[in-house]
Every structure is written in C-alpha cells, then in structure tokens.
>>> print(open('target_7.cif').read())   # mmCIF, C-alpha atoms and all ligand atoms
data_target
loop_
_atom_site.group_PDB
_atom_site.id
_atom_site.type_symbol
_atom_site.label_atom_id
_atom_site.label_comp_id
_atom_site.auth_asym_id
_atom_site.auth_seq_id
_atom_site.Cartn_x
_atom_site.Cartn_y
_atom_site.Cartn_z
ATOM 1 C CA MET P 434 0.000 0.000 0.000
ATOM 2 C CA SER P 435 1.464 3.322 -1.033
ATOM 3 C CA GLU P 436 0.607 6.670 -2.562
ATOM 4 C CA SER P 437 0.894 5.139 -6.045
ATOM 5 C CA ASP P 438 -1.983 2.748 -5.310
ATOM 6 C CA PRO P 439 -4.813 3.395 -7.823
ATOM 7 C CA GLY P 440 -7.349 3.627 -4.998
ATOM 8 C CA PHE P 441 -5.255 6.212 -3.222
ATOM 9 C CA GLN P 442 -4.694 8.168 -6.417
ATOM 10 C CA ALA P 443 -8.465 8.243 -6.947
ATOM 11 C CA ALA P 444 -8.945 9.599 -3.410
ATOM 12 C CA LEU P 445 -6.284 12.238 -4.065
ATOM 13 C CA GLU P 446 -7.962 13.246 -7.340
ATOM 14 C CA GLU P 447 -11.207 13.658 -5.414
ATOM 15 C CA ALA P 448 -9.477 15.866 -2.834
ATOM 16 C CA LYS P 449 -8.088 18.070 -5.613
ATOM 17 C CA GLN P 450 -11.517 18.252 -7.227
ATOM 18 C CA GLY P 451 -12.882 19.415 -3.881
ATOM 19 C CA ALA P 452 -10.196 22.101 -3.749
ATOM 20 C CA ARG P 453 -11.131 23.268 -7.269
ATOM 21 C CA GLU P 454 -14.740 23.598 -6.124
ATOM 22 C CA GLY P 455 -13.648 25.741 -3.192
ATOM 23 C CA GLY P 456 -14.498 22.961 -0.768
ATOM 24 C CA ILE P 457 -12.582 21.184 1.967
ATOM 25 C CA PRO P 458 -9.928 19.172 0.080
ATOM 26 C CA ILE P 459 -10.516 15.680 1.402
ATOM 27 C CA GLY P 460 -11.245 12.784 -0.927
ATOM 28 C CA ALA P 461 -11.973 9.091 -0.560
ATOM 29 C CA CYS P 462 -12.393 5.976 -2.635
ATOM 30 C CA LEU P 463 -13.903 2.640 -1.611
ATOM 31 C CA VAL P 464 -12.390 -0.367 -3.396
ATOM 32 C CA ASP P 465 -13.617 -3.940 -3.087
ATOM 33 C CA LYS P 466 -11.482 -7.010 -2.388
ATOM 34 C CA ASN P 467 -10.869 -7.522 -6.116
ATOM 35 C CA GLY P 468 -9.693 -3.960 -6.688
ATOM 36 C CA LYS P 469 -12.944 -2.714 -8.210
ATOM 37 C CA VAL P 470 -13.924 0.851 -7.311
ATOM 38 C CA LEU P 471 -17.281 0.757 -5.529
ATOM 39 C CA GLY P 472 -17.567 4.482 -4.980
ATOM 40 C CA ARG P 473 -15.563 7.657 -4.702
ATOM 41 C CA GLY P 474 -16.225 11.182 -3.558
ATOM 42 C CA HIS P 475 -14.992 14.227 -1.701
ATOM 43 C CA ASN P 476 -16.026 16.405 1.189
ATOM 44 C CA MET P 477 -19.200 18.309 0.190
ATOM 45 C CA ARG P 478 -19.813 20.204 3.416
ATOM 46 C CA LEU P 479 -19.406 23.640 1.863
ATOM 47 C CA GLN P 480 -20.721 22.804 -1.615
ATOM 48 C CA LYS P 481 -23.954 21.243 -0.337
ATOM 49 C CA GLY P 482 -24.244 22.747 3.128
ATOM 50 C CA SER P 483 -24.041 19.158 4.343
ATOM 51 C CA ALA P 484 -23.476 18.069 7.937
ATOM 52 C CA ILE P 485 -22.449 14.544 6.982
ATOM 53 C CA LEU P 486 -20.818 14.455 3.548
ATOM 54 C CA HIS P 487 -17.202 14.051 4.530
ATOM 55 C CA GLY P 488 -14.990 12.430 1.875
ATOM 56 C CA GLU P 489 -15.528 8.907 3.182
ATOM 57 C CA MET P 490 -19.282 9.408 3.555
ATOM 58 C CA SER P 491 -19.440 10.736 -0.018
ATOM 59 C CA ALA P 492 -17.606 7.627 -1.251
ATOM 60 C CA LEU P 493 -19.980 5.338 0.649
ATOM 61 C CA GLU P 494 -22.978 7.292 -0.650
ATOM 62 C CA SER P 495 -21.732 7.122 -4.229
ATOM 63 C CA ALA P 496 -21.314 3.350 -3.850
ATOM 64 C CA GLY P 497 -25.027 3.291 -3.028
ATOM 65 C CA ARG P 498 -26.926 0.529 -1.307
ATOM 66 C CA LEU P 499 -24.928 -2.688 -1.274
ATOM 67 C CA PRO P 500 -25.246 -6.083 0.414
ATOM 68 C CA ALA P 501 -22.983 -6.598 3.426
ATOM 69 C CA SER P 502 -20.899 -9.063 1.416
ATOM 70 C CA ALA P 503 -19.792 -6.293 -0.967
ATOM 71 C CA TYR P 504 -17.782 -4.613 1.814
ATOM 72 C CA LYS P 505 -15.947 -7.783 2.852
ATOM 73 C CA GLY P 506 -12.261 -7.336 2.192
ATOM 74 C CA SER P 507 -12.806 -3.778 0.984
ATOM 75 C CA THR P 508 -10.448 -0.851 1.471
ATOM 76 C CA MET P 509 -11.409 2.750 2.212
ATOM 77 C CA TYR P 510 -8.774 5.067 0.844
ATOM 78 C CA THR P 511 -8.960 8.558 2.303
ATOM 79 C CA THR P 512 -6.637 11.533 2.105
ATOM 80 C CA LEU P 513 -6.986 12.336 5.820
ATOM 81 C CA SER P 514 -7.264 10.316 9.018
ATOM 82 C CA PRO P 515 -11.001 9.471 9.323
ATOM 83 C CA CYS P 516 -13.062 11.338 11.938
ATOM 84 C CA LEU P 517 -15.286 9.401 14.346
ATOM 85 C CA MET P 518 -18.333 9.655 12.049
ATOM 86 C CA CYS P 519 -16.439 8.145 9.124
ATOM 87 C CA THR P 520 -14.697 5.658 11.405
ATOM 88 C CA GLY P 521 -18.143 4.585 12.613
ATOM 89 C CA ALA P 522 -19.423 4.163 9.052
ATOM 90 C CA CYS P 523 -16.393 2.033 8.150
ATOM 91 C CA LEU P 524 -17.023 -0.117 11.235
ATOM 92 C CA LEU P 525 -20.754 -0.399 10.488
ATOM 93 C CA TYR P 526 -20.116 -1.774 7.017
ATOM 94 C CA GLU P 527 -17.097 -3.794 8.138
ATOM 95 C CA VAL P 528 -14.619 -2.256 5.753
ATOM 96 C CA SER P 529 -11.483 -4.381 6.166
ATOM 97 C CA ARG P 530 -8.769 -1.792 5.667
ATOM 98 C CA VAL P 531 -8.383 1.975 5.844
ATOM 99 C CA VAL P 532 -5.518 3.569 3.924
ATOM 100 C CA LEU P 533 -5.090 7.220 4.839
ATOM 101 C CA GLY P 534 -2.986 10.013 3.407
ATOM 102 C CA GLU P 535 -1.860 11.654 6.603
ATOM 103 C CA ASN P 536 -2.756 12.284 10.240
ATOM 104 C CA LYS P 537 -0.681 15.361 11.039
ATOM 105 C CA THR P 538 -3.530 17.750 10.190
ATOM 106 C CA PHE P 539 -6.047 15.692 12.124
ATOM 107 C CA LEU P 540 -5.923 12.394 13.997
ATOM 108 C CA GLY P 541 -9.243 10.550 13.872
ATOM 109 C CA GLY P 542 -10.438 7.121 14.972
ATOM 110 C CA GLU P 543 -7.406 5.087 13.968
ATOM 111 C CA ASP P 544 -7.031 3.381 17.349
ATOM 112 C CA LEU P 545 -10.740 2.543 17.395
ATOM 113 C CA LEU P 546 -10.480 1.009 13.913
ATOM 114 C CA ARG P 547 -7.492 -1.088 14.958
ATOM 115 C CA SER P 548 -9.235 -2.192 18.159
ATOM 116 C CA LYS P 549 -12.047 -3.599 15.974
ATOM 117 C CA GLY P 550 -9.646 -5.488 13.742
ATOM 118 C CA VAL P 551 -9.477 -3.041 10.848
ATOM 119 C CA GLU P 552 -6.073 -2.711 9.242
ATOM 120 C CA VAL P 553 -4.947 0.932 9.202
ATOM 121 C CA ILE P 554 -2.153 2.151 6.945
ATOM 122 C CA ASN P 555 -0.834 5.720 6.870
ATOM 123 C CA VAL P 556 1.009 6.418 3.614
ATOM 124 C CA GLY P 557 2.356 9.764 4.911
ATOM 125 C CA SER P 558 1.455 11.843 1.858
ATOM 126 C CA LYS P 559 3.089 15.282 1.750
ATOM 127 C CA GLU P 560 0.679 16.256 -1.007
ATOM 128 C CA CYS P 561 -2.317 15.568 1.241
ATOM 129 C CA GLU P 562 -0.685 17.586 4.027
ATOM 130 C CA ARG P 563 -0.110 20.512 1.692
ATOM 131 C CA LEU P 564 -3.719 20.484 0.485
ATOM 132 C CA MET P 565 -4.988 20.639 4.047
ATOM 133 C CA GLN P 566 -2.425 23.189 5.231
ATOM 134 C CA THR P 567 -3.403 25.521 2.408
ATOM 135 C CA PHE P 568 -7.107 25.143 3.093
ATOM 136 C CA SER P 569 -6.988 25.362 6.886
ATOM 137 C CA SER P 570 -4.754 28.434 6.834
ATOM 138 C CA GLU P 571 -7.049 30.207 4.352
ATOM 139 C CA HIS P 572 -10.346 29.054 5.905
ATOM 140 C CA PRO P 573 -9.704 28.143 9.552
ATOM 141 C CA GLU P 574 -13.371 28.610 10.541
ATOM 142 C CA ASP P 575 -14.620 26.216 7.845
ATOM 143 C CA TRP P 576 -12.067 23.627 8.833
ATOM 144 C CA ASN P 577 -12.909 23.860 12.550
ATOM 145 C CA GLU P 578 -16.604 23.496 11.739
ATOM 146 C CA ASP P 579 -15.886 20.352 9.711
ATOM 147 C CA ILE P 580 -14.292 18.622 12.696
ATOM 148 C CA GLY P 581 -16.894 19.860 15.169
ATOM 149 C CA GLU P 582 -14.836 22.524 16.878
ATOM 150 C CA ASP P 583 -15.849 26.103 17.536
ATOM 151 C CA GLY P 584 -12.565 27.492 16.265
ATOM 152 C CA LYS P 585 -11.585 29.539 19.298
HETATM 153 ZN ZN ZN P 601 -15.322 12.208 8.576
#
>>> encode(input="target_7.cif", output="structure tokens", more="lines below")
Ligand SMILES: [Zn+2]
Amino acid sequence: MSESDPGFQAALEEAKQGAREGGIPIGACLVDKNGKVLGRGHNMRLQKGSAILHGEMSALESAGRLPASAYKGSTMYTTLSPCLMCTGACLLYEVSRVVLGENKTFLGGEDLLRSKGVEVINVGSKECERLMQTFSSEHPEDWNEDIGEDGK
C-alpha cells in the first residue's frame, strides 16, 4: 500500500476536485477485495451545506446501497485520518482496511479502527498535508466546523 496505489490516487484526485470547487480538500475511494472501485467522492460540506458528507461518507454514498458481502475485504482510501463519524461508518459496514494520506492535520479514529480489527495504513502523503495546510490556513473557521470545533 502506497501513494501510487490506484485507490489512493483516486482519493487524491477527489481531494483536488474538492479544492477546485472551493471545498474542503478531502477525498476518498472505496475499493472492493478484487480492486474494483465501488464508490468515490470528496467532502461536500461547503458545496452542499451538508453536515455529513465528509470524503468517506461521499464515497460510501456514491457506492449506493450494497449487500454486506460487498464490503468484505474492501479498502477505504482517504486523504486524511477518518473522523469518528467516518470511522463509525467504516465499522458499520465492516470495511477491512483503511488507507489514509496523513494524520498530522487531524488524527481521527485510527485506534478505534485497529481495536475492531481493521487494518490501518498511513502512507504519509506530503501532497495531502499541503492540500490541508493551504485550506486550513485560508479558511480556519470552515475547517474547525468540519471537525466539530468552535474554532476559538
Ligand atoms: Zn469524517
């Protein structure tokens, strides 16, 4: 698992698309055990005024309704350490592995995922860090709102 992984590249493309839309630059891609992309998406909080469409939630939503078996052995690629909402969604659907871009900007539910048997891999992407540093320095209030903080 590395940054060159097609699933990770798809998540990164989604993050960049989010940045182009003026949104929070976090992308995700859900890939099944055979390497097939089930869904992909990016954070739509600002674009849609959404309380729940983080990158991972957008990817799950774009995958649509699936039987439980479809998630077996699947990997959620995400450009940023998943928050507790997205961690919970990955646990609900029993995603097998989470590959994340970085956790310096934000550290989410990685320990919780591991405690439930989910494999967690941090690829340490400088590009993901840069995307988030740029956004959070230009729009600190929007970033704080995304992670449920009041920004003081
Ligand atoms: Zn999230």
>>> resolve_selection(input="target_7.cif", expression="the PyMOL selection byres (((chain P and resi 486-493) around 8) and not hetatm)", output="JSON, numbers by chain")
{"P": [459, 460, 461, 462, 463, 472, 473, 474, 475, 476, 477, 478, 483, 484, 485, 494, 495, 496, 497, 509, 511, 515, 519, 522]}
>>> residues_around(input="target_7.cif", residues="Lys549 of chain P", least_positions_apart="6", cutoff="12 Å", atoms="all atoms listed in the file", output="MDAnalysis selection string")
chainID P and resid 520:521 523:525 527:530 542:543
>>> residues_near_point(input="target_7.cif", point="(-14.6, -6.7, 0.1)", cutoff="8 Å", atoms="only C-alpha atoms", output="list of chain:residue names")
P:Val464, P:Asp465, P:Lys466, P:Asn467, P:Ser502, P:Ala503, P:Tyr504, P:Lys505, P:Gly506, P:Ser507, P:Thr508, P:Val528, P:Ser529
>>> atom_distance(input="target_7.cif", atom1="atom CA of Ile554 of chain P", atom2="atom CA of Thr512 of chain P")
11.5 Å
>>> atom_distance(input="target_7.cif", atom1="atom CA of Gly440 of chain P", atom2="atom CA of Val532 of chain P")
9.1 Å
>>> resolve_selection(input="target_7.cif", expression="the PyMOL selection byres (((chain P and resi 567) around 12) and not hetatm)", output="list in words")
Lys449, Ala452, Gly455, Gly456, Ile457, Pro458, Thr538, Glu560, Cys561, Glu562, Arg563, Leu564, Met565, Gln566, Phe568, Ser569, Ser570, Glu571, His572, Pro573 and Trp576 of chain P
>>> atom_distance(input="target_7.cif", atom1="atom CA of Val551 of chain P", atom2="atom CA of Ala501 of chain P")
15.8 Å
>>> resolve_selection(input="target_7.cif", expression="the PyMOL selection byres (((chain P and resi 435) around 12) and not hetatm)", output="list in words")
Met434, Glu436, Ser437, Asp438, Pro439, Gly440, Phe441, Gln442, Tyr510, Thr512, Val532, Leu533, Gly534, Glu535, Ile554, Asn555, Val556, Gly557 and Ser558 of chain P
>>> axis_aligned_box(input="target_7.cif", around="segment 508-523 of chain P", padding_each_side="6 Å", output="JSON")
{"center_x": -13.0, "center_y": 5.7, "center_z": 7.6, "size_x": 24.8, "size_y": 25.2, "size_z": 25.5}
>>> closest_residue(input="target_7.cif", among="P:Ala444, P:Leu499, P:Gly451, P:Gly468", to="Lys481 of chain P", atoms="only C-alpha atoms")
P:Gly451
>>> closest_residue(input="target_7.cif", among="P:Asp579, P:Tyr526, P:Leu471, P:Ser514", to="Val553 of chain P", atoms="only C-alpha atoms")
P:Ser514
